[in-house]
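Enquirer: Structure provided below as structure tokens; questions to follow.
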Amino acid sequence: MPLDVDAIRSDFPILSRKVSGGKDLVYLDNAATTQKPQSVIDAMTSYYEQSNANVHRAVHTLAAEATEMYENARNTLADWFGTTRDNLIFTSGTTEAINLVAWGWARSNLKSGDAVIITEMEHHADIVPWQLLAEEKGIEIRVIPINTEKDILDMDIFEASLPGAKLVCVVHTSNVLGVANPIPEIINMAKDAGSKVLIDAAQAAPHHRLNFSNLGADFVAISGHKMCGPTGIGCLLATSECIEQMEPFMSGGDMIETVTMEKSTFASGPQKFEAGTPKIAEAIGFAAAAEYLSKLDMDEVHHHIRGLAKLTAEKIKSVQGITVYGDHSVDEGSGVVSFLHDSIHAEDLARFMDAGGFAMRTGHHCAQPLLDAYGVSSTNRVSFYLYNTEDEANAFVDHLRYVVEKFGG
Ligand SMILES: Cc1ncc(COP(=O)(O)O)c(C=O)c1O
């Protein structure tokens with residue numbers, strides 16, 4: 001059954017607001033963060049209004065309720081991501097999840113000379129931690145380039161880089177190109193070569209129901225705010241074997257078993273990596289987001305989002321002076337369309353579009369090496385989500401055409 005987009009839109013209060021002097025908001029910056037349905041807002045408000053207390057400590061009624069809500073959120077999310085609560089560590093998002101792998105796992109399990117594979121398609125969140133670790137530990141970083149003619153990773157170089165690699169870090173779906181990488185193939189090849197695998201699923205989790213157990217990766221990093229959840233929360237999914245091998249990254253309260261002035265011992269499982277007062281309301285909101293998505297057919301969600309990206313990419317290609325990046329002919333991929341005009345500066349174009357009510361992104365999208373590979377320093381980017389409509393996509397194309405005719409020289 002196709003998505004009932006009208007019904008979905010009515011769940012998101014912000015979508016009815018006006019911007020830019022009374023224009024209807026057309027929100028097309030979903031790869032940066034998605035809007036939140038009323039149910040997520042209500043879940044967080046209800047926690048603050050009725051049950052706010054710290055978790056895991058006191059025995060009073062509110063503390064017990066807050067603990068139950070927080071740990072139930074872990075259960076809901078573990079179920080949504082096809083794993084168990086023992087394999088889900090709450091983080092502030094994908095960035096912290098990847099840093100947790102770098103500092104919690106790689107730092108204590110890799111030694112000087114060991115190789116980590118990353119790709120030219122990575123977000124900075126999956127580049128910079130590895131560079132810092134390489135400096136500290138003398139780890140070798142092997143980079144898989146992108147074939148910019150075909151917008152795909154060079155799988156021959158990937159295969160040739162595998163011998164001796166201890167960890168492969170790869171983005172599931174590019175936040176710049178919307179291209180999805182051949183993740184099952186990458187995982188199989190890495191596993192055959194004896195390497196662990198980390199998947200950056202920041203852009204994939206919003207429109208695929210990821211199943212951690214079936215995927216076969218060792219680590220998956222996810223942000224809640226890109227899939228209808230609040231900001232400041234995400235998770236790292238990790239196998240039990242890897243969790244056993246990990247050392248604490250942040251330390252302090254809530255992650256210990258015992259502390260004396262000489263020495264501390266640590267809690268086991270996810271709690272070992274969740275030091276301090278956790279993100280309680282955010283975890284509850286993240287679980288409410290998974291519950292919201294669980295009412296939808298995620299194949300239809302993907303089909304809808306991808307369809308809008310394909311339609312938009314196809315139409316704006318014919319606008320004078322526009323170059324579109326990424327292959328939008330395939331069904332795999334996300335709702336992202338990156339493009340540039342040959343004479344209107346990306347930021348000016350974004351302002352002209354904003355004046356028409358269209359929220360889109362400009363810049364390097366925290367993926368400077370990828371943009372370098374394409375020989376550009378920034379792009380304009382629209383990114384669709386489940387509440388966007390074909391009318392919005394068409395209105396975007398029309399307004400872009402108008403702006404280009406007026407200012408494109
Ligand atoms: C592919 C990818 N990885 C990582 C991140 C970082 O996510 P966060 O800022 O939520 O930690 C993003 C955010 O845009 C992303 O698109």
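Following the order of the structure tokens, chains are lettered A, B, ..., residues in each are numbered from 1, and ligands are numbered from 1.
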Please, which residues have at least one atom within 6 Å of an atom of ligand 1, using only C-alpha atoms and all ligand atoms, listed as JSON, numbers by chain?

Expert: {"A": [32, 93, 94, 95, 123, 125, 171, 174, 175, 200, 202, 203, 223]}

Enquirer: I want to know what sits within 8 Å of stretch 239-256 of chain A, based on only C-alpha atoms, with residues of the same chain fewer than 2 positions away left out; could you give that as JSON, numbers by chain?

Expert: {"A": [56, 86, 87, 100, 103, 104, 105, 108, 109, 218, 219, 237, 258, 259, 264, 265, 266, 267, 269, 270, 271, 272, 273, 274, 275, 276, 277]}

Enquirer: Dump C-alpha atoms for the selected residues as a PDB file, in the first residue's frame?

Expert:
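The result, written out as result-v6.pdb:
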```pdb
ATOM      1  CA  HIS A  56      19.414   3.625  37.999  1.00  0.00           C
ATOM      2  CA  ASP A  86      22.762  -6.069  25.565  1.00  0.00           C
ATOM      3  CA  ASN A  87      24.034  -5.018  22.157  1.00  0.00           C
ATOM      4  CA  LEU A 100      33.286   4.924  20.841  1.00  0.00           C
ATOM      5  CA  TRP A 103      38.541   4.953  21.462  1.00  0.00           C
ATOM      6  CA  GLY A 104      36.713   2.082  23.147  1.00  0.00           C
ATOM      7  CA  TRP A 105      37.525  -0.786  20.806  1.00  0.00           C
ATOM      8  CA  SER A 108      42.830  -1.222  22.962  1.00  0.00           C
ATOM      9  CA  ASN A 109      42.576  -3.900  20.259  1.00  0.00           C
ATOM     10  CA  ASP A 218      30.434  -5.841  14.125  1.00  0.00           C
ATOM     11  CA  PHE A 219      29.399  -2.245  14.736  1.00  0.00           C
ATOM     12  CA  LEU A 237      25.002  -1.533  17.905  1.00  0.00           C
ATOM     13  CA  THR A 258      32.963  -0.663  42.501  1.00  0.00           C
ATOM     14  CA  VAL A 259      35.263   2.279  43.169  1.00  0.00           C
ATOM     15  CA  SER A 264      37.668   0.887  39.953  1.00  0.00           C
ATOM     16  CA  THR A 265      35.863  -2.020  38.356  1.00  0.00           C
ATOM     17  CA  PHE A 266      33.303  -1.516  35.659  1.00  0.00           C
ATOM     18  CA  ALA A 267      29.719  -2.457  34.924  1.00  0.00           C
ATOM     19  CA  GLY A 269      27.450  -4.622  28.843  1.00  0.00           C
ATOM     20  CA  PRO A 270      26.219  -1.291  27.447  1.00  0.00           C
ATOM     21  CA  GLN A 271      26.220   0.407  30.845  1.00  0.00           C
ATOM     22  CA  LYS A 272      30.024   0.291  30.886  1.00  0.00           C
ATOM     23  CA  PHE A 273      29.918   2.876  28.081  1.00  0.00           C
ATOM     24  CA  GLU A 274      27.147   5.123  29.377  1.00  0.00           C
ATOM     25  CA  ALA A 275      28.895   7.191  32.027  1.00  0.00           C
ATOM     26  CA  GLY A 276      27.018   9.898  33.901  1.00  0.00           C
ATOM     27  CA  THR A 277      23.343  10.836  33.830  1.00  0.00           C
TER      28      THR A 277
END
```

Enquirer: Find the residues around A:Asn72 up to 12 Å (only C-alpha atoms counted), leave out those fewer than 5 positions away in its own chain, and share them as a list in words.

Expert: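 Listing them by chain and then by number gives Ala64, Glu65, Ala66, Thr67, Leu77, Ala78, Asp79, Thr84, Arg85, Ile280, Ala283, Ile284, Gly285, Phe286, Ala287, Ala288 and Glu291 of chain A.
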
Enquirer: Emit the selected residues as a CSV table (one decimal), in the first residue's frame, including N, CA and C atoms.

Expert:
```
chain,number,residue,atom,x,y,z
A,64,ALA,N,11.9,5.1,39.8
A,64,ALA,CA,11.6,3.8,39.3
A,64,ALA,C,10.9,3.9,37.9
A,65,GLU,N,10.0,4.9,37.8
A,65,GLU,CA,9.3,5.1,36.5
A,65,GLU,C,10.3,5.6,35.4
A,66,ALA,N,11.2,6.5,35.8
A,66,ALA,CA,12.2,7.0,34.8
A,66,ALA,C,13.1,5.9,34.3
A,67,THR,N,13.5,5.1,35.3
A,67,THR,CA,14.4,3.9,34.9
A,67,THR,C,13.7,3.0,34.0
A,77,LEU,N,14.1,-0.1,21.0
A,77,LEU,CA,15.1,0.2,19.9
A,77,LEU,C,15.8,-1.0,19.5
A,78,ALA,N,16.2,-1.8,20.5
A,78,ALA,CA,16.9,-3.1,20.2
A,78,ALA,C,16.0,-4.0,19.3
A,79,ASP,N,14.8,-4.0,19.6
A,79,ASP,CA,13.8,-4.8,18.8
A,79,ASP,C,13.7,-4.2,17.4
A,84,THR,N,19.6,-7.3,20.6
A,84,THR,CA,19.1,-7.4,21.9
A,84,THR,C,19.6,-6.1,22.7
A,85,ARG,N,18.9,-5.9,23.9
A,85,ARG,CA,19.3,-4.7,24.7
A,85,ARG,C,20.8,-4.8,25.1
A,280,ILE,N,18.0,10.8,29.1
A,280,ILE,CA,16.8,10.0,29.4
A,280,ILE,C,15.6,10.3,28.5
A,283,ALA,N,16.3,9.3,24.9
A,283,ALA,CA,16.1,7.9,24.7
A,283,ALA,C,14.7,7.5,24.5
A,284,ILE,N,13.8,8.1,25.4
A,284,ILE,CA,12.4,7.9,25.3
A,284,ILE,C,11.8,8.4,24.0
A,285,GLY,N,12.3,9.6,23.6
A,285,GLY,CA,11.8,10.1,22.3
A,285,GLY,C,12.3,9.3,21.1
A,286,PHE,N,13.5,8.8,21.2
A,286,PHE,CA,14.1,8.0,20.1
A,286,PHE,C,13.3,6.7,20.0
A,287,ALA,N,12.9,6.1,21.1
A,287,ALA,CA,12.1,4.9,21.0
A,287,ALA,C,10.7,5.2,20.5
A,288,ALA,N,10.2,6.4,20.8
A,288,ALA,CA,8.8,6.8,20.3
A,288,ALA,C,9.0,7.0,18.7
A,291,GLU,N,8.8,3.6,17.3
A,291,GLU,CA,7.4,3.2,17.3
A,291,GLU,C,6.6,3.8,16.2
```

Enquirer: A:Asp156, A:Glu282, A:Glu332, A:Glu300: which is nearest A:Leu177, counting only C-alpha atoms?

Expert: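 Smallest distance to A:Leu177 is found for A:Glu332.
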
Enquirer: Let's see if you can do this: from backbone DSSP, list all strand (DSSP E or B) residues in stretch 21-204 of chain A, as a ChimeraX atom specification.

Expert: /A:23-24,26-27,29,88-91,115-119,140-144,146-147,152-153,165-171,173,180,196-200

Enquirer: For the residues selected in the previous step, produce a file with C-alpha atoms as a JSON list (two decimals), in the first residue's frame.

Expert:
```
[["chain", "number", "residue", "atom", "x", "y", "z"],
["A", 23, "LYS", "CA", 5.32, 31.02, 2.33],
["A", 24, "ASP", "CA", 4.46, 27.39, 3.05],
["A", 26, "VAL", "CA", 8.92, 23.04, 2.18],
["A", 27, "TYR", "CA", 11.43, 21.26, 4.37],
["A", 29, "ASP", "CA", 16.99, 19.36, 4.68],
["A", 88, "LEU", "CA", 22.70, -1.45, 22.10],
["A", 89, "ILE", "CA", 24.78, 1.33, 23.65],
["A", 90, "PHE", "CA", 23.16, 4.76, 23.78],
["A", 91, "THR", "CA", 25.37, 7.53, 22.39],
["A", 115, "ALA", "CA", 45.46, -1.17, 9.19],
["A", 116, "VAL", "CA", 42.01, 0.45, 9.26],
["A", 117, "ILE", "CA", 40.16, 0.88, 5.96],
["A", 118, "ILE", "CA", 38.00, 3.95, 5.40],
["A", 119, "THR", "CA", 36.58, 5.36, 2.17],
["A", 140, "GLU", "CA", 47.86, 2.66, 9.07],
["A", 141, "ILE", "CA", 44.81, 4.16, 7.32],
["A", 142, "ARG", "CA", 43.97, 2.75, 3.89],
["A", 143, "VAL", "CA", 41.56, 4.86, 1.86],
["A", 144, "ILE", "CA", 39.23, 3.40, -0.77],
["A", 146, "ILE", "CA", 35.42, 6.70, -5.26],
["A", 147, "ASN", "CA", 35.02, 6.25, -8.99],
["A", 152, "ILE", "CA", 30.65, 4.06, -6.62],
["A", 153, "LEU", "CA", 33.52, 2.90, -4.46],
["A", 165, "ALA", "CA", 43.18, -4.94, 7.63],
["A", 166, "LYS", "CA", 41.77, -5.19, 11.15],
["A", 167, "LEU", "CA", 38.77, -2.91, 10.69],
["A", 168, "VAL", "CA", 36.74, -1.73, 7.69],
["A", 169, "CYS", "CA", 34.75, 1.48, 8.25],
["A", 170, "VAL", "CA", 32.24, 2.34, 5.57],
["A", 171, "VAL", "CA", 29.26, 4.60, 5.14],
["A", 173, "THR", "CA", 24.56, 5.59, 2.25],
["A", 180, "ALA", "CA", 24.05, 3.30, -1.19],
["A", 196, "LYS", "CA", 35.88, -6.35, 11.76],
["A", 197, "VAL", "CA", 33.34, -4.01, 10.10],
["A", 198, "LEU", "CA", 31.83, -0.71, 11.22],
["A", 199, "ILE", "CA", 28.87, 0.63, 9.23],
["A", 200, "ASP", "CA", 27.94, 4.32, 9.42]]
```
